[in-house]
Structures are given as C-alpha cells and as structure tokens.
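The next block is coords_16.cif, given as mmCIF, C-alpha atoms and all ligand atoms.
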```
data_protein
loop_
_atom_site.label_atom_id
_atom_site.label_comp_id
_atom_site.auth_asym_id
_atom_site.auth_seq_id
_atom_site.Cartn_x
_atom_site.Cartn_y
_atom_site.Cartn_z
CA MET N 1 -40.45 -9.48 1.29
CA THR N 2 -37.20 -11.21 0.69
CA ASP N 3 -38.96 -13.71 -1.51
CA SER N 4 -40.26 -11.23 -4.03
CA ILE N 5 -37.01 -9.33 -3.92
CA ASP N 6 -35.03 -12.43 -4.58
CA SER N 7 -37.28 -13.44 -7.41
CA ARG N 8 -36.72 -10.01 -8.95
CA HIS N 9 -33.01 -10.57 -8.84
CA ALA N 10 -33.53 -14.01 -10.27
CA GLN N 11 -35.62 -12.47 -12.98
CA SER N 12 -33.22 -9.71 -13.82
CA ARG N 13 -30.25 -11.97 -13.89
CA ALA N 14 -31.95 -14.55 -16.00
CA GLY N 15 -32.46 -11.75 -18.48
CA ALA N 16 -28.75 -11.32 -18.85
CA PRO N 17 -27.26 -14.39 -20.47
CA GLY N 18 -23.86 -15.75 -19.58
CA LEU N 19 -23.79 -13.96 -16.27
CA ALA N 20 -20.29 -13.57 -15.06
CA GLY N 21 -21.34 -13.51 -11.45
CA VAL N 22 -22.26 -17.15 -11.62
CA GLN N 23 -18.71 -18.17 -12.39
CA GLY N 24 -16.53 -19.38 -9.66
CA LEU N 25 -19.09 -19.33 -6.90
CA ALA N 26 -17.91 -21.76 -4.37
CA SER N 27 -20.32 -21.98 -1.48
CA ALA N 28 -23.54 -23.89 -1.23
CA GLU N 29 -25.43 -20.64 -0.93
CA ALA N 30 -23.82 -19.45 -4.09
CA ARG N 31 -24.88 -22.57 -5.93
CA ALA N 32 -28.38 -22.20 -4.57
CA GLY N 33 -28.33 -18.61 -5.74
CA ALA N 34 -27.22 -19.68 -9.17
CA GLN N 35 -30.02 -22.19 -9.30
CA ARG N 36 -32.53 -19.54 -8.32
CA ARG N 37 -31.25 -17.30 -11.04
CA ALA N 38 -31.39 -20.07 -13.56
CA GLU N 39 -35.01 -20.67 -12.69
CA GLY N 40 -35.73 -17.07 -13.37
CA PRO N 41 -39.23 -15.74 -13.72
CA ALA N 42 -40.65 -19.21 -14.27
CA LEU N 43 -40.02 -19.98 -10.60
CA SER N 44 -42.99 -22.02 -9.51
CA ARG N 45 -44.97 -20.75 -6.57
CA ARG N 46 -44.05 -23.82 -4.55
CA ARG N 47 -40.39 -23.53 -5.30
CA PHE N 48 -40.66 -19.80 -4.77
CA LEU N 49 -42.07 -20.25 -1.30
CA GLY N 50 -39.48 -22.89 -0.53
CA VAL N 51 -36.71 -20.57 -1.56
CA SER N 52 -38.11 -17.66 0.39
CA ALA N 53 -38.50 -19.75 3.50
CA SER N 54 -34.84 -20.64 3.33
CA LEU N 55 -33.75 -17.04 3.19
CA ALA N 56 -33.06 -14.73 6.04
CA ALA N 57 -34.93 -11.47 6.13
CA GLY N 58 -33.72 -8.44 4.31
CA ALA N 59 -32.00 -9.00 1.02
CA VAL N 60 -30.04 -6.48 -0.91
CA VAL N 61 -32.57 -4.57 -2.85
CA ALA N 62 -31.96 -0.90 -3.20
CA GLY N 63 -28.59 -0.64 -4.75
CA ASP N 64 -26.67 -2.47 -7.32
CA ALA N 65 -25.44 -5.99 -7.75
CA LEU N 66 -23.63 -7.82 -5.01
CA PRO N 67 -22.47 -11.40 -5.16
CA ALA N 68 -25.29 -13.91 -5.03
CA PRO N 69 -24.67 -15.09 -1.46
CA ALA N 70 -24.95 -11.50 -0.34
CA GLN N 71 -28.37 -11.27 -1.87
CA ALA N 72 -29.50 -14.41 -0.15
CA ALA N 73 -27.96 -13.67 3.19
CA GLY N 74 -29.46 -10.28 3.87
CA ALA N 75 -29.56 -8.63 7.21
CA ALA N 76 -30.10 -10.36 10.47
CA VAL N 77 -32.33 -10.11 13.49
CA ALA N 78 -32.59 -7.63 16.31
CA GLY N 79 -29.93 -7.06 18.90
CA GLY N 80 -26.92 -4.91 19.44
CA ALA N 81 -25.27 -4.16 22.73
CA PRO N 82 -25.97 -0.63 23.84
CA ARG N 83 -22.88 1.49 23.66
CA ALA N 84 -22.42 5.18 23.68
CA GLY N 85 -21.48 6.38 20.26
CA PRO N 86 -18.58 8.78 20.47
CA VAL N 87 -17.00 9.19 17.12
CA ALA N 88 -13.45 9.77 16.05
CA ALA N 89 -12.86 13.48 16.17
CA ALA N 90 -11.34 13.48 12.73
CA GLY N 91 -14.41 11.92 11.16
CA PRO N 92 -17.20 13.68 9.37
CA GLU N 93 -19.91 14.87 11.70
CA PRO N 94 -23.48 15.81 11.14
CA ARG N 95 -23.86 19.55 10.97
CA ALA N 96 -24.11 20.85 14.50
CA ASP N 97 -26.98 23.09 13.56
CA PRO N 98 -29.20 22.23 10.67
CA PRO N 99 -30.29 25.32 8.82
CA ALA N 100 -33.03 26.99 10.85
CA SER N 101 -35.20 26.75 7.78
CA ALA N 102 -35.17 22.95 8.10
CA GLU N 103 -36.90 22.93 11.50
CA GLY N 104 -40.33 21.40 11.53
CA LYS N 105 -40.25 20.68 7.83
CA ALA N 106 -40.27 17.61 5.72
CA LEU N 107 -36.69 16.98 4.63
CA VAL N 108 -36.25 15.66 1.12
CA ALA N 109 -32.90 14.41 -0.14
CA ILE N 110 -31.78 13.54 -3.64
CA THR N 111 -28.88 11.10 -3.56
CA LEU N 112 -26.82 9.69 -6.40
CA ASP N 113 -24.49 6.74 -6.02
CA LEU N 114 -21.49 7.11 -8.32
CA GLU N 115 -20.89 3.63 -9.70
CA MET N 116 -21.64 1.65 -12.82
CA ALA N 117 -24.63 -0.72 -12.67
CA ARG N 118 -25.16 -4.13 -14.18
CA ASN N 119 -27.88 -4.26 -16.88
CA PHE N 120 -27.20 -0.65 -17.91
CA PRO N 121 -26.88 0.85 -20.43
CA ARG N 122 -27.62 -2.47 -22.16
CA TRP N 123 -29.47 -5.25 -20.44
CA GLU N 124 -26.70 -7.73 -21.19
CA ASP N 125 -24.03 -5.58 -19.52
CA THR N 126 -22.62 -7.37 -16.50
CA HIS N 127 -18.91 -6.57 -16.64
CA TRP N 128 -19.46 -3.60 -14.33
CA ASP N 129 -19.72 -6.08 -11.47
CA TYR N 130 -15.93 -6.24 -11.63
CA GLU N 131 -15.23 -2.59 -12.28
CA LYS N 132 -18.00 -0.58 -10.73
CA GLY N 133 -15.80 2.46 -10.37
CA ASN N 134 -14.98 2.69 -14.06
CA LEU N 135 -17.53 5.46 -14.66
CA ASN N 136 -18.33 6.14 -18.30
CA GLU N 137 -18.60 9.59 -19.79
CA GLU N 138 -22.40 9.57 -19.87
CA THR N 139 -22.57 8.81 -16.17
CA LYS N 140 -20.21 11.62 -15.27
CA ARG N 141 -21.94 14.12 -17.54
CA TYR N 142 -25.30 13.19 -16.07
CA ALA N 143 -24.06 13.58 -12.51
CA VAL N 144 -22.65 17.02 -13.28
CA GLU N 145 -25.84 18.22 -14.96
CA ALA N 146 -28.10 16.82 -12.22
CA ALA N 147 -26.04 18.62 -9.59
CA ARG N 148 -26.26 21.86 -11.56
CA ARG N 149 -30.02 21.60 -11.87
CA VAL N 150 -30.74 20.74 -8.27
CA LYS N 151 -28.49 23.54 -7.10
CA ALA N 152 -30.36 25.94 -9.36
CA ARG N 153 -33.50 24.86 -7.48
CA GLY N 154 -31.93 25.69 -4.15
CA GLY N 155 -30.75 22.24 -3.07
CA VAL N 156 -27.78 19.95 -3.26
CA ILE N 157 -27.35 16.36 -4.36
CA HIS N 158 -25.76 14.03 -1.84
CA PHE N 159 -23.36 11.82 -3.75
CA PHE N 160 -21.77 8.56 -2.62
CA ALA N 161 -18.70 7.46 -4.54
CA VAL N 162 -16.99 4.11 -4.84
CA GLY N 163 -13.32 4.69 -4.15
CA ARG N 164 -12.20 3.01 -7.32
CA ALA N 165 -13.78 5.82 -9.37
CA LEU N 166 -11.06 8.03 -7.92
CA GLU N 167 -8.45 5.97 -9.77
CA GLN N 168 -9.72 7.41 -13.04
CA GLU N 169 -7.43 9.79 -14.87
CA LYS N 170 -9.64 12.83 -14.50
CA VAL N 171 -11.72 13.75 -11.49
CA ASP N 172 -12.14 17.44 -12.30
CA TRP N 173 -15.86 16.93 -12.89
CA LEU N 174 -16.22 15.65 -9.32
CA GLN N 175 -13.98 18.38 -7.94
CA ASP N 176 -16.34 20.89 -9.56
CA ILE N 177 -19.30 19.16 -7.91
CA VAL N 178 -17.59 19.40 -4.53
CA ARG N 179 -16.72 23.04 -5.10
CA ALA N 180 -20.37 23.77 -5.84
CA GLY N 181 -21.23 22.52 -2.34
CA HIS N 182 -22.55 19.02 -2.99
CA PRO N 183 -21.49 16.51 -0.33
CA VAL N 184 -19.76 13.28 -1.36
CA GLY N 185 -19.86 10.26 0.93
CA ASN N 186 -18.05 6.92 1.10
CA HIS N 187 -19.61 3.95 -0.77
CA THR N 188 -16.67 1.55 -0.20
CA TYR N 189 -13.83 1.09 -2.65
CA ASP N 190 -15.13 -1.89 -4.63
CA HIS N 191 -18.82 -1.87 -3.71
CA VAL N 192 -18.42 -4.56 -1.09
CA TYR N 193 -21.12 -6.32 0.88
CA VAL N 194 -20.53 -5.06 4.40
CA LEU N 195 -22.40 -7.94 6.06
CA ALA N 196 -20.23 -10.58 4.37
CA THR N 197 -18.89 -13.31 6.62
CA LYS N 198 -17.31 -15.41 3.85
CA PRO N 199 -14.68 -14.21 1.36
CA GLU N 200 -16.78 -15.20 -1.66
CA GLU N 201 -19.61 -12.97 -0.49
CA ILE N 202 -17.59 -9.78 -0.49
CA GLN N 203 -17.54 -8.75 -4.13
CA TYR N 204 -17.35 -10.19 -7.63
CA ARG N 205 -13.90 -8.70 -8.14
CA PHE N 206 -12.56 -10.82 -5.32
CA GLN N 207 -14.28 -13.94 -6.59
CA ARG N 208 -12.32 -13.57 -9.82
CA ALA N 209 -9.15 -12.33 -8.16
CA PRO N 210 -9.10 -13.92 -4.71
CA TRP N 211 -5.38 -13.27 -4.32
CA LEU N 212 -6.24 -9.61 -3.72
CA ILE N 213 -7.72 -10.48 -0.34
CA GLU N 214 -5.76 -13.61 0.51
CA GLY N 215 -5.00 -14.09 4.18
CA LYS N 216 -7.50 -11.47 5.32
CA THR N 217 -10.79 -12.03 7.08
CA PRO N 218 -13.92 -10.59 5.44
CA ALA N 219 -14.16 -8.04 8.26
CA GLU N 220 -10.60 -6.90 7.54
CA VAL N 221 -11.25 -6.65 3.81
CA ILE N 222 -14.40 -4.61 4.38
CA ARG N 223 -12.76 -2.26 6.85
CA GLU N 224 -9.83 -1.69 4.49
CA ASN N 225 -12.20 -1.14 1.56
CA ILE N 226 -13.92 1.65 3.48
CA ARG N 227 -10.71 3.16 4.82
CA LEU N 228 -9.16 3.31 1.33
CA THR N 229 -12.17 5.20 0.02
CA THR N 230 -11.83 7.81 2.72
CA ALA N 231 -8.14 8.11 1.81
CA ALA N 232 -8.99 8.46 -1.88
CA LEU N 233 -11.61 11.14 -1.22
CA LYS N 234 -9.05 13.04 0.79
CA ALA N 235 -6.24 12.65 -1.72
CA ARG N 236 -8.11 13.45 -4.91
CA LEU N 237 -10.95 15.70 -3.76
CA GLY N 238 -9.46 17.13 -0.61
CA ILE N 239 -12.52 16.24 1.46
CA GLU N 240 -13.58 14.08 4.37
CA PRO N 241 -16.37 11.70 3.36
CA ALA N 242 -19.86 13.07 3.93
CA GLY N 243 -21.24 9.95 5.56
CA PHE N 244 -21.32 6.34 4.45
CA ARG N 245 -23.76 4.35 2.36
CA THR N 246 -23.71 0.58 2.18
CA PRO N 247 -23.62 -1.01 -1.23
CA GLY N 248 -27.04 -2.57 -1.51
CA GLY N 249 -29.61 -1.80 1.12
CA PHE N 250 -30.83 -4.06 3.88
CA ALA N 251 -34.46 -4.38 4.91
CA ASN N 252 -33.40 -4.41 8.55
CA GLY N 253 -30.49 -2.06 8.12
CA LEU N 254 -27.61 -3.07 10.39
CA GLU N 255 -29.83 -4.54 13.08
CA GLY N 256 -28.21 -7.56 14.65
CA ARG N 257 -24.76 -6.49 13.44
CA PRO N 258 -23.37 -4.31 16.23
CA ASP N 259 -19.92 -5.36 15.00
CA VAL N 260 -20.51 -3.59 11.69
CA GLN N 261 -22.12 -0.61 13.42
CA ARG N 262 -19.08 -0.25 15.67
CA MET N 263 -16.67 -0.61 12.76
CA LEU N 264 -18.40 2.26 10.97
CA LEU N 265 -18.34 4.41 14.10
CA GLU N 266 -14.65 3.61 14.53
CA LEU N 267 -13.99 4.57 10.92
CA GLY N 268 -15.40 8.00 11.68
CA PHE N 269 -19.02 7.78 10.56
CA PRO N 270 -21.62 9.05 13.02
CA TRP N 271 -24.32 8.31 10.44
CA VAL N 272 -24.79 5.90 7.58
CA SER N 273 -27.41 5.14 4.97
CA CYS N 274 -28.02 1.38 5.09
CA LYS N 275 -31.65 0.51 5.46
CA TYR N 276 -33.93 -0.02 2.49
CA PRO N 277 -37.27 -1.28 3.75
CA ALA N 278 -39.02 -4.20 2.12
CA HIS N 279 -41.90 -3.36 -0.19
CA PRO N 280 -43.85 -4.98 -3.00
CA TYR N 281 -42.67 -4.75 -6.61
CA GLY N 282 -45.52 -6.40 -8.43
CA GLU N 283 -44.98 -8.45 -11.56
CA PRO N 284 -41.80 -7.44 -13.42
CA GLY N 285 -42.50 -5.57 -16.63
CA LYS N 286 -46.14 -4.97 -15.74
CA GLU N 287 -47.76 -1.75 -14.63
CA PRO N 288 -47.76 -1.70 -10.83
CA ALA N 289 -51.14 -2.53 -9.33
CA PRO N 290 -52.59 0.00 -6.86
CA GLU N 291 -51.61 -2.33 -4.01
CA VAL N 292 -47.99 -2.17 -5.13
CA LEU N 293 -47.92 1.61 -5.06
CA ALA N 294 -49.80 1.59 -1.75
CA GLY N 295 -47.23 -0.84 -0.39
CA ILE N 296 -44.40 1.45 -1.45
CA VAL N 297 -46.06 4.41 0.25
CA LYS N 298 -46.60 2.29 3.35
CA ALA N 299 -42.88 1.43 3.40
CA GLN N 300 -42.01 5.12 3.86
CA GLU N 301 -42.78 4.74 7.53
CA ALA N 302 -39.99 2.17 7.83
CA ALA N 303 -37.64 4.46 5.89
CA GLN N 304 -37.48 7.17 8.55
CA PRO N 305 -34.11 7.95 10.14
CA PHE N 306 -33.26 6.43 13.50
CA ALA N 307 -30.36 5.55 15.79
CA TYR N 308 -29.11 2.05 16.62
CA PRO N 309 -28.32 1.17 20.25
CA THR N 310 -24.64 1.70 19.44
CA GLY N 311 -25.42 5.34 18.70
CA LEU N 312 -24.90 4.99 14.96
CA ILE N 313 -27.58 6.88 13.01
CA ASP N 314 -29.17 5.42 9.88
CA VAL N 315 -30.78 7.60 7.22
CA PRO N 316 -32.55 4.93 5.17
CA MET N 317 -33.10 4.97 1.42
CA SER N 318 -36.73 5.62 0.56
CA PRO N 319 -38.41 3.18 -1.77
CA ILE N 320 -38.49 2.83 -4.62
CA SER N 321 -34.95 3.21 -5.91
CA ASP N 322 -34.14 3.55 -9.60
CA ILE N 323 -32.66 0.05 -9.55
CA GLY N 324 -35.81 -1.27 -7.89
CA ALA N 325 -38.04 0.38 -10.45
CA PHE N 326 -36.05 -0.09 -13.64
CA ARG N 327 -34.18 -3.35 -13.07
CA ASN N 328 -36.25 -5.31 -10.59
CA ALA N 329 -39.76 -4.18 -11.52
CA ARG N 330 -38.89 -3.24 -15.12
CA TRP N 331 -41.10 -0.18 -14.98
CA LYS N 332 -41.31 2.66 -17.43
CA LEU N 333 -40.27 6.12 -16.26
CA ALA N 334 -43.85 7.32 -15.68
CA ARG N 335 -44.45 4.69 -13.01
CA PHE N 336 -41.20 5.52 -11.24
CA LEU N 337 -42.17 9.19 -11.22
CA GLU N 338 -45.57 8.29 -9.81
CA ALA N 339 -44.07 6.22 -7.00
CA VAL N 340 -41.55 8.96 -6.16
CA ARG N 341 -44.30 11.57 -6.14
CA LEU N 342 -46.43 9.50 -3.77
CA GLY N 343 -43.49 8.94 -1.44
CA VAL N 344 -42.47 12.60 -1.35
CA GLU N 345 -46.08 13.68 -0.78
CA TRP N 346 -46.36 11.20 2.09
CA ALA N 347 -43.25 12.71 3.67
CA ILE N 348 -44.40 16.30 3.16
CA GLU N 349 -47.78 15.65 4.77
CA ARG N 350 -46.08 14.27 7.88
CA ARG N 351 -43.06 16.59 7.94
CA ALA N 352 -41.07 13.38 7.59
CA VAL N 353 -38.06 12.39 5.51
CA PHE N 354 -37.73 11.15 1.95
CA ASP N 355 -34.34 10.03 0.65
CA LEU N 356 -34.41 9.39 -3.08
CA LEU N 357 -31.79 6.89 -4.22
CA CYS N 358 -30.68 6.96 -7.85
CA HIS N 359 -27.63 6.09 -9.91
CA PRO N 360 -26.55 8.34 -12.77
CA SER N 361 -25.40 5.21 -14.64
CA VAL N 362 -29.02 4.02 -14.63
CA MET N 363 -30.76 7.36 -14.86
CA TYR N 364 -28.98 8.59 -17.99
CA VAL N 365 -30.52 5.62 -19.74
CA MET N 366 -33.98 5.71 -18.13
CA ASP N 367 -34.54 9.40 -17.38
CA PRO N 368 -32.32 11.43 -19.71
CA GLU N 369 -34.37 14.59 -19.11
CA MET N 370 -33.94 14.32 -15.35
CA ARG N 371 -37.65 14.49 -14.76
CA ALA N 372 -37.37 12.64 -11.42
CA PHE N 373 -35.16 15.36 -9.92
CA GLU N 374 -37.27 18.17 -11.38
CA LEU N 375 -40.35 16.47 -9.92
CA VAL N 376 -38.84 16.26 -6.45
CA CYS N 377 -37.77 19.92 -6.63
CA ASP N 378 -41.25 20.91 -7.83
CA LEU N 379 -42.96 19.07 -4.98
CA VAL N 380 -40.71 20.64 -2.37
CA GLU N 381 -41.14 24.09 -3.89
CA ARG N 382 -44.90 23.76 -3.99
CA ALA N 383 -44.95 22.68 -0.34
CA ARG N 384 -43.37 26.05 0.53
CA ASP N 385 -42.61 26.20 4.25
CA ARG N 386 -43.67 22.59 4.82
CA ALA N 387 -40.65 21.05 3.12
CA ALA N 388 -37.01 21.65 2.28
CA LEU N 389 -34.37 19.96 0.16
CA ALA N 390 -31.66 18.60 2.43
CA ASP N 391 -28.51 16.54 2.42
CA LEU N 392 -28.29 13.42 4.56
CA GLY N 393 -25.99 15.07 7.10
CA THR N 394 -28.73 17.58 7.86
CA ILE N 395 -31.26 14.78 8.25
CA ALA N 396 -28.92 12.83 10.52
CA SER N 397 -28.33 15.87 12.68
CA ARG N 398 -32.06 16.13 13.26
CA VAL N 399 -31.97 12.61 14.71
CA ALA N 400 -28.86 13.42 16.76
CA LYS N 401 -30.59 16.50 18.13
CA ALA N 402 -33.75 14.60 19.06
CA LYS N 403 -31.57 12.00 20.78
CA ALA N 404 -29.72 14.68 22.72
CA GLY N 405 -33.09 16.13 23.74
CA GLU N 406 -34.21 12.76 25.08
CA THR N 407 -31.04 12.45 27.11
CA GLU N 408 -31.60 15.92 28.59
CA GLU N 409 -35.14 14.97 29.51
CA LYS N 410 -33.93 11.86 31.30
CA LYS N 411 -31.45 13.90 33.26
CA ASP N 412 -34.17 16.29 34.34
CA ARG N 413 -36.30 13.52 35.75
ZN ZN Y 1 -24.06 1.13 -4.84
#
```
In structure tokens, how does this file's structure come out?
Amino acid sequence: MTDSIDSRHAQSRAGAPGLAGVQGLASAEARAGAQRRAEGPALSRRRFLGVSASLAAGAVVAGDALPAPAQAAGAAVAGGAPRAGPVAAAGPEPRADPPASAEGKALVAITLDLEMARNFPRWEDTHWDYEKGNLNEETKRYAVEAARRVKARGGVIHFFAVGRALEQEKVDWLQDIVRAGHPVGNHTYDHVYVLATKPEEIQYRFQRAPWLIEGKTPAEVIRENIRLTTAALKARLGIEPAGFRTPGGFANGLEGRPDVQRMLLELGFPWVSCKYPAHPYGEPGKEPAPEVLAGIVKAQEAAQPFAYPTGLIDVPMSPISDIGAFRNARWKLARFLEAVRLGVEWAIERRAVFDLLCHPSVMYVMDPEMRAFELVCDLVERARDRAALADLGTIASRVAKAKAGETEEKKDR
C-alpha cells in the first residue's frame, strides 16, 4: 500500500506550490522524493509501479508531514530480539485496573494530536512544517470545545502534544484540559521521524537549521526530542506524559526496529501508538468506491493493539485518519463520517478497539461542528453495554493484562 500512499503524498504536495520541504534536501532519496512530488497526480502507472517497487513497506500515512525521505523510508521488516519489558518506575504506566465497565466491551478512543498541519487551514500553507508547535487560536479553541463535548458524553479525549507547543506564552487552555481529566501524551518536541537514520530525515526544521543538531546522531536527536517533551509536559502542565505517539504512523509499526522500541521503553513508555495499517484511499478528490470503504474496514483488524517482543505495547491508530481523509483522499466530511462509522461499528461488533486519530488544526477547518466526535459518542452510547469510550492507557492495560494472563498460564503448565 506504500505506492498509493506515496502517490497521495505526491498528489497533496503537488497541490501546494513552492513547497518548502523540497528545499535543501540532500540525499538521493530526498531528490527521488522531490521528483515523485513533482510528478504529482499525473504519475504514470508504469512510473508509479516503479516508484512503489523501490519503496520499503509502510510509509508515513496517518499523521502529518515528515521530511520526504521519511515518507519513502517507512517501517522495516519483522524481527526484534525478545526482551522482557520492565519500564522505568518513574514513567507513565497503563492503569493497573481498567474500569470494570470496560471489561468485555469494545473500547473506542478519540485522540487529538496537538500540532499544526501542512495544507490547513489553506491548501498552500506549508510553513507549519517548521513550526508545528505554533498552535493557532482556532486550533486551541477547537481542542478545548471537543474535550468539553466528549466529557459531557462520558468520555475523555486522549491528546498528544508536540513539546514545542509548550513554548507558547499561554498554556492555560491545556492546563484546563488536563484538570478536566483528559490525558496528554508525548508526540516529540518537533514532530520528528523516529525511524530516521540520516540527519536530513529527522524533521524539516533541522533541514533548514542543521546547526541545531550538529554533532549528534539521529538516534541521539530523536531521544532528546522525546525527553524534552516529557520535561516540558512536567514543567508547564505538571504531568507525566500519558503515553507516546509517533509523528506519522507506520504500516508495520515499529517492527524490525527493536532499537527504537527499547529507546521508548527506556524513556518510560510501556505503550506507544505507532502503527497505522495500510489501506486503500481511492482516487483523490473522488467519492470513495465501495471497495475503498471495505478496504478501510478490513484494515481495522490490523489496527488492534498488540505487544512487540520487547514488551512494548502498541495501540495503533485506526484508519482512516483526518489527514488521510481530508489531505490524502481529499474527501468531503460526509465520507469521513461514513468511514469512521463503519470502523467503529466493526469494532463494536467484535468487542474490539477503535482509535480515532484527528488533529484539531485540520478538524476546525473540515468539521467545525464536531460531527465526527458526536458520531463516535452516539455509536458508543447506542451500543450500551457492548462498548465504552476509553483512553489509550486503558486500552494498553487490556493488552498488558492479557499478556500477564498468558504468562500465568505458561507457568501453570
Ligand atoms: Zn503528528
């Protein structure tokens, strides 16, 4: 699915003239990426297949823009040395006991990533790539109101914040959100690509200002970017991060990158939200064909929470994200609502998990009435004792519990 994903990115970027991200790209991959973008939607099928063949599986699809090489590189193959996953005691932990009411139910999460997004509010907007934490007033207002509404329906929103947003003068709006009981997780400081192995892949900001990371390896930059966010959450909100979400999502999650899994465990995260399974998008700007919606429903299976051999738990993002629907597929709101409804219904029928990923910076433009969140709350309410709204920590603890059960069983044998 990398091919179609990449073509979407190509398409969306071609739509934004004078893209800043193209500047200063040094590597061959970057140049190839630029070429792909330049070709845009007119990408011939042959060229398209050629490009897709050259790409590794699992591009960045769910979240917002990462440097071009990051999009091409994607996640890797299987692997990962087994290792018990004890976690720093100081770190955030999944709730020991999920609310009894969550047992045997579908768990449905609404998550909002607090960052600005390229192509929003205006299609030609790309400067956010360099200042993703510079949240505008609309974004903050939308986040506050969404939290209020979901809480009124008996749930919480799980937020993930880029650390740089905590440099803003006022964070009282986010303090209020925290006080109301909504968890806020770590989304790195600058929205960095955690699988980067080359400096130019890490983030646009560091392509323009490489002196900021001079002399450091990508792994060091990434680790520091995550650590600083935890420090910022502590300093300005007085909280430990409620989990970690990777900027972008990877079709194979962190498979094949036990180094990154271990780094996250070491930084105090027993669970993360990294995987965004591949799925069809259809033709950008066109109504999704039934096969596209069916493909998105099918992808829910691959979006169920699980543990890596290192012990790290992943609570994947459930397709389709707002970015996927509104930027990549260029859908209208009604189609996004339809896809979300189908995904949530799939999860409710199977007592499974659905983790809606949205960005207030996108949603205030595309869904000002917050119909997506009202829809999710309606579906859960109508399902009565078959479903509950949940945060990702609760979902992760269900996996941890199942894992503990398995271990017990083994001991008994
Ligand atoms: Zn993000």
Quick one: distance from CA of Glu240 (chain N) to CA of Glu103 (chain N) in Å, one decimal?
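Between CA of Glu240 (chain N) and CA of Glu103 (chain N) the gap is 25.9 Å.
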At a cut-off of 10 Å around ligand ZN 1 (chain Y), and using all atoms listed in the file, what residues come up? Please write them as a count of residues only.
30
To one decimal place, how far is CA of Asn225 (chain N) from CA of Phe354 (chain N) in Å?
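Interatomic distance here is 28.3 Å.
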As an exercise, work out the distance from CA of Lys275 (chain N) to CA of Phe250 (chain N) in Å and give it to one decimal place.
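Separation between CA of Lys275 (chain N) and CA of Phe250 (chain N): 4.9 Å.
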Check the smallest atom-to-atom distance from each of N:Ala209, N:Met366, N:Leu267, N:Ala146 to Leu333 (chain N) using only C-alpha atoms, then report the winner.
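Distance minimum relative to Leu333 (chain N) lands on N:Met366.
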So, counting all atoms listed in the file, which residue among N:Ala303, N:Phe373, N:Trp128, N:Ala232 is closest to Ala143 (chain N)?
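Checking each of N:Ala303, N:Phe373, N:Trp128, N:Ala232 against Ala143 (chain N), counting all atoms listed in the file, the winner is N:Phe373.
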Please build the interface table for region 252-303 of chain N against region 380-396 of chain N with a cut-off of 12 Å, listing for each qualifying residue the nearest atom pair and the distance in Å to one decimal; count all atoms listed in the file, order rows by chain and increasing number, and write it as JSON lines.
```
{"residue": "N:Phe269", "atom": "CA", "partner": "N:Gly393", "partner_atom": "CA", "distance": 10.7}
{"residue": "N:Pro270", "atom": "CA", "partner": "N:Ala396", "partner_atom": "CA", "distance": 8.6}
{"residue": "N:Trp271", "atom": "CA", "partner": "N:Ala396", "partner_atom": "CA", "distance": 6.4}
{"residue": "N:Val272", "atom": "CA", "partner": "N:Ala396", "partner_atom": "CA", "distance": 8.6}
{"residue": "N:Ser273", "atom": "CA", "partner": "N:Leu392", "partner_atom": "CA", "distance": 8.3}
```
Just want the 10 Å neighbourhood of Met370 (chain N), counted on only C-alpha atoms, with same-chain residues fewer than 4 positions away dropped. Output as a list in words.
Tyr142, Glu145, Ala146, Arg149, Pro360, Met363, Tyr364, Met366, Glu374 and Leu375 of chain N
Considering only C-alpha atoms, return as a ChimeraX atom specification whatever protein or nucleic-acid residues lie within 9 Å of Lys286 (chain N), sequence-local ones (same chain, fewer than 6 positions apart) excluded.
/N:329-331
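The neighbours of Val376 (chain N) here are the residues that come within 8 Å of it, using all atoms listed in the file and leaving out any residue fewer than 5 positions away in the same chain; they are Val340, Arg341 and Val344 of chain N.
For the residues N:Ala352, N:Ile313, N:Val156, N:Ala339, ranking by smallest atom-to-atom distance to Ala289 (chain N) using only C-alpha atoms places N:Ala339 first.
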